[in-house]
$ cat input-v3.tsv   # TSV, C-alpha atoms
chain	number	residue	atom	x	y	z
U	1	MET	CA	0.00	0.00	0.00
U	2	ASP	CA	1.30	3.45	-0.86
U	3	VAL	CA	1.53	6.24	1.65
U	4	LYS	CA	-1.25	8.73	0.99
U	5	ASP	CA	0.00	12.26	0.49
U	6	TYR	CA	-2.08	14.31	2.88
U	7	TYR	CA	-0.07	17.46	2.29
U	8	GLN	CA	-0.77	17.27	-1.39
U	9	ALA	CA	-4.45	16.60	-0.74
U	10	LEU	CA	-4.63	19.96	1.06
U	11	GLY	CA	-2.21	21.68	-1.28
U	12	VAL	CA	0.14	22.68	1.52
U	13	ALA	CA	3.87	22.31	2.09
U	14	GLU	CA	5.19	19.78	4.59
U	15	THR	CA	6.28	22.73	6.72
U	16	ALA	CA	2.79	24.26	6.78
U	17	THR	CA	1.63	25.76	10.05
U	18	ALA	CA	-1.57	24.71	11.80
U	19	ASP	CA	-3.25	27.91	10.62
U	20	GLU	CA	-2.26	27.30	7.01
U	21	ILE	CA	-3.58	23.76	7.20
U	22	LYS	CA	-6.88	24.87	8.70
U	23	ARG	CA	-7.35	27.58	6.11
U	24	ALA	CA	-6.51	25.25	3.25
U	25	TYR	CA	-8.93	22.64	4.53
U	26	LYS	CA	-11.83	25.04	4.95
U	27	LYS	CA	-11.36	26.48	1.50
U	28	LEU	CA	-11.12	23.08	-0.19
U	29	ALA	CA	-14.04	21.67	1.83
U	30	ARG	CA	-16.26	24.45	0.53
U	31	LYS	CA	-15.03	23.99	-3.00
U	32	HIS	CA	-15.40	20.22	-3.21
U	33	HIS	CA	-18.44	19.61	-1.06
U	34	PRO	CA	-20.64	17.26	-3.11
U	35	ASP	CA	-23.71	19.48	-2.72
U	36	VAL	CA	-21.75	22.42	-4.10
U	37	ASN	CA	-19.55	20.67	-6.63
U	38	LYS	CA	-21.33	18.59	-9.21
U	39	GLU	CA	-18.29	17.15	-10.92
U	40	PRO	CA	-17.88	13.38	-10.82
U	41	GLY	CA	-15.46	12.35	-8.10
U	42	ALA	CA	-16.32	15.30	-5.87
U	43	GLU	CA	-17.48	13.05	-3.08
U	44	ALA	CA	-14.29	10.98	-3.13
U	45	ARG	CA	-12.17	14.11	-3.23
U	46	PHE	CA	-14.14	15.59	-0.33
U	47	LYS	CA	-13.47	12.49	1.74
U	48	ASP	CA	-9.76	12.66	0.94
U	49	ILE	CA	-9.65	16.29	2.02
U	50	GLY	CA	-11.45	15.46	5.25
U	51	GLU	CA	-9.15	12.58	6.05
U	52	ALA	CA	-6.05	14.67	5.33
U	53	TYR	CA	-7.28	17.38	7.68
U	54	GLU	CA	-8.20	14.85	10.38
U	55	VAL	CA	-4.56	13.79	10.43
U	56	LEU	CA	-2.69	17.05	9.85
U	57	GLN	CA	-4.70	19.22	12.24
U	58	ASP	CA	-3.74	17.07	15.22
U	59	ASP	CA	-0.12	17.32	16.43
U	60	LYS	CA	0.17	13.69	17.47
U	61	LYS	CA	-1.41	12.26	14.36
U	62	ARG	CA	0.61	14.57	12.15
U	63	ALA	CA	3.82	13.51	13.87
U	64	ALA	CA	2.93	9.83	13.47
U	65	TYR	CA	2.12	10.44	9.83
U	66	ASP	CA	5.39	12.30	9.20
U	67	ARG	CA	7.33	9.44	10.76
U	68	ALA	CA	5.47	6.99	8.54
U	69	ARG	CA	6.39	9.04	5.48
U	70	GLN	CA	10.05	9.04	6.49
U	71	ARG	CA	10.05	5.30	6.98
U	72	ALA	CA	8.42	4.79	3.58
U	73	ALA	CA	10.91	7.19	1.93
U	74	SER	CA	13.82	5.19	3.33
U	75	GLY	CA	12.45	2.03	1.78
U	76	GLN	CA	10.88	0.49	4.87
U	77	GLY	CA	7.18	-0.17	5.23
U	78	PHE	CA	5.31	2.74	6.71
U	79	GLU	CA	3.80	0.76	9.59
U	80	PRO	CA	5.40	1.51	12.97
U	81	GLU	CA	7.92	-1.15	14.02
U	82	ASP	CA	6.62	-1.75	17.48
U	83	GLY	CA	3.02	-1.99	16.36
U	84	GLY	CA	2.05	0.27	19.23
U	85	GLY	CA	2.11	3.98	19.76
U	86	PHE	CA	-1.58	4.35	19.07
U	87	GLU	CA	-2.56	5.18	22.62
U	88	GLY	CA	-3.59	8.70	23.26
U	89	PHE	CA	-5.12	9.27	19.88
U	90	ASP	CA	-8.44	10.96	20.24
U	91	PHE	CA	-10.74	10.00	17.42
U	92	GLY	CA	-13.51	12.48	17.94
U	93	SER	CA	-14.07	13.65	14.45
U	94	ALA	CA	-12.72	17.05	13.50
U	95	THR	CA	-14.35	16.61	10.17
U	96	ALA	CA	-17.43	15.10	8.70
U	97	GLY	CA	-17.82	11.74	7.10
U	98	GLY	CA	-16.38	8.96	9.18
U	99	ASP	CA	-15.26	6.68	6.36
U	100	TYR	CA	-11.54	6.39	6.36
U	101	SER	CA	-9.18	4.97	3.77
U	102	ASP	CA	-7.35	1.70	4.20
U	103	PHE	CA	-4.12	3.63	4.57
U	104	PHE	CA	-5.55	5.63	7.50
U	105	GLU	CA	-6.77	2.50	9.21
U	106	GLN	CA	-3.40	0.79	8.76
U	107	LEU	CA	-1.59	3.72	10.27
U	108	PHE	CA	-3.92	4.57	13.12
U	109	GLY	CA	-5.29	1.20	13.94
U	110	GLY	CA	-8.51	-0.63	13.26
U	111	ARG	CA	-10.05	1.18	16.19
U	112	MET	CA	-11.41	3.76	13.79
U	113	ARG	CA	-14.15	1.43	12.63
U	114	GLY	CA	-17.18	2.57	14.50
U	115	ALA	CA	-15.21	4.91	16.73
U	116	GLY	CA	-17.15	8.02	17.57
U	117	GLY	CA	-20.03	6.31	15.89
U	118	ARG	CA	-23.46	5.50	17.04
U	119	PRO	CA	-24.13	6.41	20.64
U	120	ARG	CA	-26.08	3.83	22.58
U	121	SER	CA	-29.72	4.28	21.55
U	122	PRO	CA	-32.42	4.44	24.14
U	123	ARG	CA	-34.60	1.38	24.20
U	124	ASP	CA	-37.65	0.96	22.00
U	125	THR	CA	-36.92	3.83	19.66
U	126	ARG	CA	-38.08	4.08	16.10
U	127	GLY	CA	-35.52	3.10	13.48
U	128	GLN	CA	-33.99	5.78	11.32
U	129	ASP	CA	-35.57	6.87	8.07
U	130	GLN	CA	-33.37	6.27	5.05
U	131	ASN	CA	-33.05	7.92	1.71
U	132	VAL	CA	-32.06	6.28	-1.55
U	133	VAL	CA	-31.73	8.03	-4.90
U	134	LEU	CA	-33.58	6.30	-7.72
U	135	GLU	CA	-32.36	7.23	-11.21
U	136	ILE	CA	-34.87	6.87	-13.98
U	137	ASP	CA	-34.84	7.59	-17.69
U	138	LEU	CA	-37.02	10.24	-19.26
U	139	GLU	CA	-38.98	7.50	-21.05
U	140	GLU	CA	-39.91	5.99	-17.68
U	141	ALA	CA	-41.07	9.38	-16.43
U	142	LEU	CA	-43.15	9.94	-19.55
U	143	ALA	CA	-44.88	6.59	-19.69
U	144	GLY	CA	-44.60	5.36	-16.15
U	145	ALA	CA	-42.76	2.12	-15.40
U	146	GLN	CA	-42.44	-0.88	-13.13
U	147	ARG	CA	-39.04	-1.11	-11.51
U	148	LYS	CA	-37.53	-3.78	-9.36
U	149	ILE	CA	-35.00	-2.25	-7.06
U	150	THR	CA	-32.53	-4.03	-4.82
U	151	LEU	CA	-31.56	-2.23	-1.67
U	152	ARG	CA	-28.61	-2.96	0.49
U	153	VAL	CA	-29.56	-1.58	3.84
U	154	PRO	CA	-27.91	-1.97	7.22
U	155	ALA	CA	-29.89	-4.11	9.60
U	156	LEU	CA	-29.25	-5.72	12.97
U	157	ASP	CA	-28.77	-9.46	13.00
U	158	ALA	CA	-29.75	-11.72	15.90
U	159	GLN	CA	-26.60	-10.81	17.83
U	160	GLY	CA	-27.23	-7.10	17.43
U	161	HIS	CA	-24.41	-6.66	14.91
U	162	VAL	CA	-24.88	-4.45	11.90
U	163	GLU	CA	-24.96	-6.30	8.60
U	164	LEU	CA	-25.94	-5.31	5.08
U	165	LYS	CA	-29.14	-7.00	4.01
U	166	GLU	CA	-30.40	-7.19	0.46
U	167	ARG	CA	-34.03	-6.53	-0.21
U	168	THR	CA	-35.86	-6.39	-3.54
U	169	LEU	CA	-38.92	-4.21	-3.93
U	170	ASP	CA	-41.36	-3.75	-6.79
U	171	ILE	CA	-41.87	-0.08	-7.41
U	172	ASN	CA	-44.52	1.52	-9.61
U	173	ILE	CA	-43.22	4.73	-11.19
U	174	PRO	CA	-46.22	6.86	-12.04
U	175	LYS	CA	-46.53	8.60	-15.40
U	176	GLY	CA	-45.42	12.21	-15.16
U	177	VAL	CA	-43.19	11.78	-12.13
U	178	ARG	CA	-40.72	14.64	-11.72
U	179	GLU	CA	-37.21	15.07	-10.53
U	180	GLY	CA	-37.08	15.68	-6.79
U	181	GLN	CA	-40.26	13.84	-5.92
U	182	HIS	CA	-40.06	11.17	-3.26
U	183	LEU	CA	-41.74	7.85	-2.75
U	184	ARG	CA	-42.15	7.02	0.92
U	185	LEU	CA	-42.21	3.32	1.77
U	186	SER	CA	-43.54	2.87	5.29
U	187	GLY	CA	-41.53	0.67	7.55
U	188	GLN	CA	-38.79	-0.08	5.01
U	189	GLY	CA	-36.12	2.01	6.66
U	190	ALA	CA	-33.74	0.99	9.43
U	191	PRO	CA	-35.11	-1.44	12.00
U	192	GLY	CA	-36.15	-0.03	15.35
U	193	HIS	CA	-34.36	-0.62	18.64
U	194	GLY	CA	-35.97	-2.94	21.13
U	195	SER	CA	-39.60	-2.96	20.25
U	196	GLY	CA	-39.51	0.32	18.36
U	197	PRO	CA	-40.98	0.39	14.86
U	198	PRO	CA	-38.77	0.51	11.77
U	199	GLY	CA	-38.26	3.82	10.01
U	200	ASP	CA	-39.44	4.71	6.54
U	201	LEU	CA	-37.53	4.48	3.29
U	202	TYR	CA	-37.62	7.46	0.95
U	203	LEU	CA	-36.80	7.00	-2.73
U	204	GLU	CA	-35.77	10.27	-4.33
U	205	ILE	CA	-36.36	10.51	-8.08
U	206	LYS	CA	-33.50	11.75	-10.27
U	207	LEU	CA	-33.73	11.89	-14.04
U	208	ARG	CA	-30.78	10.67	-16.08
U	209	PRO	CA	-29.66	13.13	-18.77
U	210	HIS	CA	-31.30	12.33	-22.09
U	211	ALA	CA	-29.52	12.35	-25.45
U	212	ARG	CA	-32.19	14.39	-27.21
U	213	TYR	CA	-34.35	16.17	-24.64
U	214	ARG	CA	-33.41	18.60	-21.90
U	215	VAL	CA	-35.77	18.73	-18.96
U	216	ASP	CA	-36.65	21.90	-17.14
U	217	GLY	CA	-39.39	21.27	-14.58
U	218	ARG	CA	-42.38	20.09	-16.59
U	219	ASP	CA	-41.05	21.35	-19.95
U	220	LEU	CA	-38.82	19.62	-22.47
U	221	TYR	CA	-36.38	21.20	-24.93
U	222	PHE	CA	-34.74	19.78	-28.04
U	223	ASP	CA	-32.58	21.19	-30.84
U	224	LEU	CA	-34.15	21.48	-34.32
U	225	PRO	CA	-31.35	21.67	-36.89
U	226	LEU	CA	-32.19	23.89	-39.88
U	227	ALA	CA	-30.50	24.97	-43.10
U	228	PRO	CA	-29.87	28.71	-43.58
U	229	TRP	CA	-32.63	28.95	-46.22
U	230	GLU	CA	-35.11	27.18	-43.93
U	231	LEU	CA	-34.53	29.81	-41.24
U	232	ALA	CA	-34.52	32.71	-43.66
U	233	LEU	CA	-37.38	31.68	-45.94
U	234	GLY	CA	-39.37	29.58	-43.51
U	235	ALA	CA	-40.09	25.86	-43.79
U	236	LYS	CA	-42.33	22.99	-42.77
U	237	VAL	CA	-40.22	20.45	-40.88
U	238	THR	CA	-41.06	17.05	-39.41
U	239	ALA	CA	-39.70	16.40	-35.93
U	240	ALA	CA	-39.94	13.49	-33.54
U	241	VAL	CA	-41.66	14.17	-30.24
U	242	PRO	CA	-41.45	12.22	-26.96
U	243	GLY	CA	-43.44	9.01	-27.10
U	244	GLY	CA	-42.40	8.09	-30.64
U	245	ALA	CA	-44.78	10.20	-32.73
U	246	SER	CA	-43.77	12.89	-35.24
U	247	ILE	CA	-45.24	16.30	-35.77
U	248	GLU	CA	-44.94	18.92	-38.48
U	249	LEU	CA	-43.53	22.21	-37.34
U	250	THR	CA	-43.83	25.47	-39.22
U	251	VAL	CA	-40.70	27.60	-39.07
U	252	PRO	CA	-41.69	31.19	-39.77
U	253	PRO	CA	-39.68	33.09	-42.43
U	254	GLY	CA	-37.09	35.43	-40.96
U	255	SER	CA	-36.42	33.20	-37.97
U	256	THR	CA	-33.13	33.40	-36.15
U	257	ALA	CA	-31.10	30.67	-34.55
U	258	GLY	CA	-31.91	30.27	-30.85
U	259	ARG	CA	-35.56	31.07	-31.29
U	260	LYS	CA	-37.90	28.60	-29.61
U	261	LEU	CA	-41.05	27.13	-31.07
U	262	ARG	CA	-43.53	26.10	-28.41
U	263	ILE	CA	-45.47	22.87	-28.84
U	264	LYS	CA	-48.13	23.05	-26.20
U	265	SER	CA	-48.75	20.18	-23.78
U	266	LYS	CA	-46.19	17.85	-25.37
U	267	GLY	CA	-43.82	18.07	-22.44
U	268	LEU	CA	-44.10	15.92	-19.32
U	269	PRO	CA	-47.58	14.43	-18.84
U	270	THR	CA	-48.05	16.19	-15.52
U	271	ASP	CA	-51.15	17.98	-14.33
U	272	PRO	CA	-51.18	20.48	-16.00
U	273	PRO	CA	-48.96	19.05	-18.73
U	274	GLY	CA	-45.67	20.72	-19.57
U	275	ASP	CA	-44.74	22.08	-23.00
U	276	LEU	CA	-42.21	20.95	-25.59
U	277	TYR	CA	-39.88	23.54	-27.11
U	278	ALA	CA	-37.97	23.19	-30.39
U	279	VAL	CA	-34.84	25.34	-30.26
U	280	LEU	CA	-34.01	26.48	-33.81
U	281	THR	CA	-30.41	25.63	-34.62
U	282	LEU	CA	-28.50	26.73	-37.71
U	283	VAL	CA	-26.40	24.19	-39.59
U	284	LEU	CA	-24.31	25.38	-42.57
U	285	PRO	CA	-23.91	23.06	-45.56
U	286	PRO	CA	-20.31	21.83	-45.85
U	287	VAL	CA	-17.98	23.74	-48.18
U	288	GLU	CA	-16.92	20.67	-50.12
U	289	GLY	CA	-16.24	20.86	-53.83
U	290	ASP	CA	-16.49	23.60	-56.46
U	291	ALA	CA	-20.28	23.81	-56.58
U	292	ALA	CA	-20.48	24.50	-52.87
U	293	GLN	CA	-17.69	27.08	-53.08
U	294	GLN	CA	-19.46	28.88	-55.90
U	295	ALA	CA	-22.79	28.76	-54.13
U	296	TYR	CA	-21.29	30.44	-51.06
U	297	GLN	CA	-19.58	33.06	-53.18
U	298	ALA	CA	-22.84	33.80	-54.96
U	299	PHE	CA	-24.53	34.07	-51.58
U	300	GLN	CA	-21.91	36.61	-50.49
U	301	ALA	CA	-22.33	38.57	-53.73
U	302	ALA	CA	-26.06	38.85	-53.14
U	303	PHE	CA	-25.48	41.03	-50.04
U	304	PRO	CA	-22.85	43.57	-51.14
U	305	GLU	CA	-23.79	46.26	-48.59
U	306	TRP	CA	-24.39	44.03	-45.59
U	307	SER	CA	-21.95	43.15	-42.81
U	308	PRO	CA	-22.71	41.04	-39.76
U	309	ARG	CA	-20.40	43.29	-37.76
U	310	ALA	CA	-22.13	46.54	-38.69
U	311	PRO	CA	-23.77	48.19	-35.70
U	312	ARG	CA	-27.50	47.49	-35.67
U	313	GLY	CA	-29.93	50.33	-35.15
B	1	MET	CA	-48.05	-5.29	0.84
B	2	ILE	CA	-45.82	-2.30	1.50
B	3	GLU	CA	-47.61	0.96	2.13
B	4	THR	CA	-46.31	3.57	-0.27
B	5	GLN	CA	-47.02	7.24	-0.60
B	6	TRP	CA	-45.86	9.63	-3.30
B	7	ILE	CA	-44.55	12.88	-1.91
B	8	ASP	CA	-44.76	15.54	-4.58
B	9	ASP	CA	-45.63	19.21	-4.88
B	10	ARG	CA	-48.54	18.86	-2.51
B	11	ALA	CA	-47.48	19.77	1.00
B	12	GLU	CA	-48.11	16.67	3.08
B	13	LEU	CA	-45.14	15.98	5.32
B	14	THR	CA	-45.51	17.10	8.92
B	15	LEU	CA	-42.71	18.55	11.01
B	16	ILE	CA	-42.33	15.19	12.70
B	17	ASP	CA	-42.14	13.41	9.32
B	18	LEU	CA	-39.36	15.77	8.30
B	19	CYS	CA	-37.48	15.30	11.58
B	20	GLN	CA	-37.66	11.55	11.26
B	21	ALA	CA	-36.73	11.55	7.59
B	22	CYS	CA	-33.52	13.45	8.29
B	23	GLY	CA	-32.70	12.58	11.88
B	24	LEU	CA	-32.95	16.22	12.96
B	25	GLU	CA	-34.54	17.94	15.93
B	26	ALA	CA	-37.66	20.05	15.43
B	27	GLU	CA	-35.70	23.05	16.68
B	28	GLN	CA	-33.24	22.90	13.80
B	29	ILE	CA	-35.98	22.72	11.17
B	30	THR	CA	-37.92	25.51	12.90
B	31	VAL	CA	-34.86	27.76	12.68
B	32	TRP	CA	-34.74	27.17	8.94
B	33	VAL	CA	-38.43	28.00	8.58
B	34	VAL	CA	-37.78	31.26	10.46
B	35	GLU	CA	-34.99	32.03	7.98
B	36	GLY	CA	-37.46	31.60	5.16
B	37	MET	CA	-35.42	28.74	3.77
B	38	LEU	CA	-38.40	26.41	4.04
B	39	GLU	CA	-41.92	27.62	3.39
B	40	PRO	CA	-44.40	25.10	4.74
B	41	ALA	CA	-48.13	25.51	4.43
B	42	GLY	CA	-49.96	26.02	7.73
B	43	ALA	CA	-49.87	28.49	10.61
B	44	GLY	CA	-47.65	27.00	13.27
B	45	PRO	CA	-45.31	24.04	13.84
B	46	ASP	CA	-48.24	21.70	14.52
B	47	GLU	CA	-49.93	22.69	11.27
B	48	TRP	CA	-46.88	22.93	9.05
B	49	ARG	CA	-46.98	20.74	5.97
B	50	PHE	CA	-43.89	20.36	3.79
B	51	ASP	CA	-43.60	19.26	0.17
B	52	SER	CA	-41.11	17.06	-1.62
B	53	ARG	CA	-38.80	19.93	-2.42
B	54	SER	CA	-38.50	20.79	1.28
B	55	LEU	CA	-37.37	17.27	2.04
B	56	ALA	CA	-34.55	17.53	-0.49
B	57	ARG	CA	-33.61	21.02	0.75
B	58	VAL	CA	-33.40	19.89	4.35
B	59	ARG	CA	-31.04	17.10	3.40
B	60	VAL	CA	-28.72	19.47	1.57
B	61	ALA	CA	-28.91	21.94	4.47
B	62	GLN	CA	-28.10	19.18	6.93
B	63	ARG	CA	-25.00	18.17	5.01
B	64	LEU	CA	-23.82	21.78	4.69
B	65	VAL	CA	-24.16	22.29	8.43
B	66	ARG	CA	-22.45	19.01	9.24
B	67	ASP	CA	-19.61	19.35	6.75
B	68	LEU	CA	-19.00	23.09	6.51
B	69	GLN	CA	-20.32	24.37	9.84
B	70	ILE	CA	-22.46	27.04	8.20
B	71	ASP	CA	-24.90	28.96	10.39
B	72	PRO	CA	-28.63	29.21	9.50
B	73	PRO	CA	-28.53	32.49	7.52
B	74	GLY	CA	-25.51	31.13	5.65
B	75	VAL	CA	-27.27	27.86	4.85
B	76	ALA	CA	-30.31	29.77	3.58
B	77	LEU	CA	-28.10	31.91	1.34
B	78	ALA	CA	-26.16	28.87	0.15
B	79	LEU	CA	-29.35	27.07	-0.89
B	80	GLU	CA	-30.63	30.12	-2.74
B	81	LEU	CA	-27.33	30.46	-4.60
B	82	LEU	CA	-27.33	26.76	-5.44
B	83	ASP	CA	-30.88	27.13	-6.81
B	84	GLU	CA	-29.73	30.04	-8.95
B	85	ILE	CA	-26.75	28.09	-10.26
B	86	ALA	CA	-29.00	25.15	-11.13
B	87	ALA	CA	-31.38	27.48	-12.96
B	88	LEU	CA	-28.52	29.04	-14.90
B	89	ARG	CA	-27.17	25.63	-15.84
B	90	ALA	CA	-30.63	24.61	-17.04
B	91	GLU	CA	-30.79	27.79	-19.11
B	92	VAL	CA	-27.44	27.00	-20.70
B	93	ARG	CA	-28.62	23.49	-21.51
B	94	ARG	CA	-31.83	24.84	-23.02
B	95	LEU	CA	-29.84	27.14	-25.27
B	96	GLY	CA	-28.04	24.08	-26.56
B	97	GLY	CA	-24.81	24.77	-24.74
$ encode --input "input-v3.tsv" --output "structure tokens"
Amino acid sequence: MDVKDYYQALGVAETATADEIKRAYKKLARKHHPDVNKEPGAEARFKDIGEAYEVLQDDKKRAAYDRARQRAASGQGFEPEDGGGFEGFDFGSATAGGDYSDFFEQLFGGRMRGAGGRPRSPRDTRGQDQNVVLEIDLEEALAGAQRKITLRVPALDAQGHVELKERTLDINIPKGVREGQHLRLSGQGAPGHGSGPPGDLYLEIKLRPHARYRVDGRDLYFDLPLAPWELALGAKVTAAVPGGASIELTVPPGSTAGRKLRIKSKGLPTDPPGDLYAVLTLVLPPVEGDAAQQAYQAFQAAFPEWSPRAPRG
Amino acid sequence: MIETQWIDDRAELTLIDLCQACGLEAEQITVWVVEGMLEPAGAGPDEWRFDSRSLARVRVAQRLVRDLQIDPPGVALALELLDEIAALRAEVRRLGG
């Protein structure tokens, strides 16, 4: 196992002061928090930052870590020779999360598992509610769907140990469901303590991005590619709409790229239904071959006084 | 037969539902209502009814408090800015960007 570079994770020098480390952590935590940062890998990065700070902000842990780095740099394994030296570490969490990397656990001892974790629950309390994100495709939102989902949820076994249990549920996705809605399943959350009832399970709907349609609330948007003459002179164009049908759209003469044509009630089948918008998009024919060249030159010659860069009144 | 209930735009979750769903105390959620970050239907805590969007907002707020130690006015501002960013991103997508 390689030594994790906590200094690099926080972007600080090995000689950084406690203040510099704290400042760096706070800034990076804000920047990479998964609710703020939507890039893939943000959550993993956020955990790395938290773990680095957990170690570097504490003198003892930082010292132990620095020694481990030195040992690794001199070709030895990074684990401490005597296997001890872990006493006196306080594992109250300076940061959020609580999941630590294998490297951290190797260095600071397996004690981290569950440390600072669940306080003893009072007897007969209700189990915790749980939340699971359910990703669906636009097609499933439009037509409704039956989904089988398998959940891996923590549960207590007969000895009171936490284990991950698999459970399969049949879910009916209603037609017109929207991003952000939740399905509450009574009693499917974490088991209660003692004779307390289990909590509920919430499924939160998220829509996967679609290749053709962009969703905004109840409305859908798609690009309608058009030739320059279709925009300028107008045209009747056939376009596919959600659900597999086609419709004929009338592009008014003198249209500009970016203009939206509204197709009422063809968006999400909600109540009231959303609309579908065709976003007019200009596509230029390719300049391949003599005929195309000449056509473009003739086009240019037809507008001798006009410049796209002239100030418009 | 599992009892299911769709939580959508209609405001149906009580304060207790919300507390249980997120593992928070009523006090914390009440503070956020006072900040105007959550806008339940109903006159007082006993009558408050929250919609689906509130449930998602509370979860985000909870994580921001836990991970970034933001105070209630800060959390309210953060959520509003995140909403604005999401709206801008949606606008960019609509324009074909």
$ interface_residues --input "input-v3.tsv" --of "chain B" --to "chain U" --cutoff "8 Å" --atoms "all atoms listed in the file" --output "PDB file with C-alpha atoms, in the coordinates of the input"
ATOM      1  CA  ILE B   2     -45.820  -2.300   1.500  1.00  0.00           C
ATOM      2  CA  GLU B   3     -47.610   0.960   2.130  1.00  0.00           C
ATOM      3  CA  THR B   4     -46.310   3.570  -0.270  1.00  0.00           C
ATOM      4  CA  GLN B   5     -47.020   7.240  -0.600  1.00  0.00           C
ATOM      5  CA  TRP B   6     -45.860   9.630  -3.300  1.00  0.00           C
ATOM      6  CA  ILE B   7     -44.550  12.880  -1.910  1.00  0.00           C
ATOM      7  CA  ASP B   8     -44.760  15.540  -4.580  1.00  0.00           C
ATOM      8  CA  ASP B   9     -45.630  19.210  -4.880  1.00  0.00           C
ATOM      9  CA  GLN B  20     -37.660  11.550  11.260  1.00  0.00           C
ATOM     10  CA  ALA B  21     -36.730  11.550   7.590  1.00  0.00           C
ATOM     11  CA  CYS B  22     -33.520  13.450   8.290  1.00  0.00           C
ATOM     12  CA  GLY B  23     -32.700  12.580  11.880  1.00  0.00           C
ATOM     13  CA  SER B  52     -41.110  17.060  -1.620  1.00  0.00           C
ATOM     14  CA  ARG B  53     -38.800  19.930  -2.420  1.00  0.00           C
ATOM     15  CA  ALA B  56     -34.550  17.530  -0.490  1.00  0.00           C
ATOM     16  CA  VAL B  60     -28.720  19.470   1.570  1.00  0.00           C
ATOM     17  CA  ARG B  63     -25.000  18.170   5.010  1.00  0.00           C
ATOM     18  CA  LEU B  64     -23.820  21.780   4.690  1.00  0.00           C
ATOM     19  CA  ARG B  66     -22.450  19.010   9.240  1.00  0.00           C
ATOM     20  CA  ASP B  67     -19.610  19.350   6.750  1.00  0.00           C
ATOM     21  CA  LEU B  68     -19.000  23.090   6.510  1.00  0.00           C
ATOM     22  CA  LEU B  82     -27.330  26.760  -5.440  1.00  0.00           C
ATOM     23  CA  ALA B  90     -30.630  24.610 -17.040  1.00  0.00           C
ATOM     24  CA  ARG B  93     -28.620  23.490 -21.510  1.00  0.00           C
ATOM     25  CA  ARG B  94     -31.830  24.840 -23.020  1.00  0.00           C
ATOM     26  CA  LEU B  95     -29.840  27.140 -25.270  1.00  0.00           C
ATOM     27  CA  GLY B  96     -28.040  24.080 -26.560  1.00  0.00           C
TER      28      GLY B  96
END
$ closest_residue --input "input-v3.tsv" --among "U:Leu134, U:Val251, U:Leu261, U:Ala145" --to "Leu207 of chain U" --atoms "all atoms listed in the file"
U:Leu134
$ residues_around --input "input-v3.tsv" --residues "Ala26 of chain B" --least-positions-apart "2" --cutoff "12 Å" --atoms "only C-alpha atoms" --output "list of chain:residue names"
B:Thr14, B:Leu15, B:Ile16, B:Asp17, B:Leu18, B:Cys19, B:Gln20, B:Ala21, B:Cys22, B:Gly23, B:Leu24, B:Gln28, B:Ile29, B:Thr30, B:Val31, B:Trp32, B:Val33, B:Pro45, B:Asp46, B:Trp48, B:Val58
$ atom_distance --input "input-v3.tsv" --atom1 "atom CA of Glu105 of chain U" --atom2 "atom CA of Asp48 of chain U"
13.4 Å
$ atom_distance --input "input-v3.tsv" --atom1 "atom CA of Glu39 of chain B" --atom2 "atom CA of Glu135 of chain U"
26.8 Å
$ residues_around --input "input-v3.tsv" --residues "Pro40 of chain B" --least-positions-apart "6" --cutoff "9 Å" --atoms "only C-alpha atoms" --output "count of residues only"
8
$ atom_distance --input "input-v3.tsv" --atom1 "atom CA of Gly11 of chain U" --atom2 "atom CA of Gln76 of chain U"
25.7 Å
$ residues_near_point --input "input-v3.tsv" --point "(-32.4, 12.1, -17.2)" --cutoff "8 Å" --atoms "all atoms listed in the file" --output "list in words"
Glu135, Ile136, Asp137, Leu138, Lys206, Leu207, Arg208, Pro209, His210 and Val215 of chain U
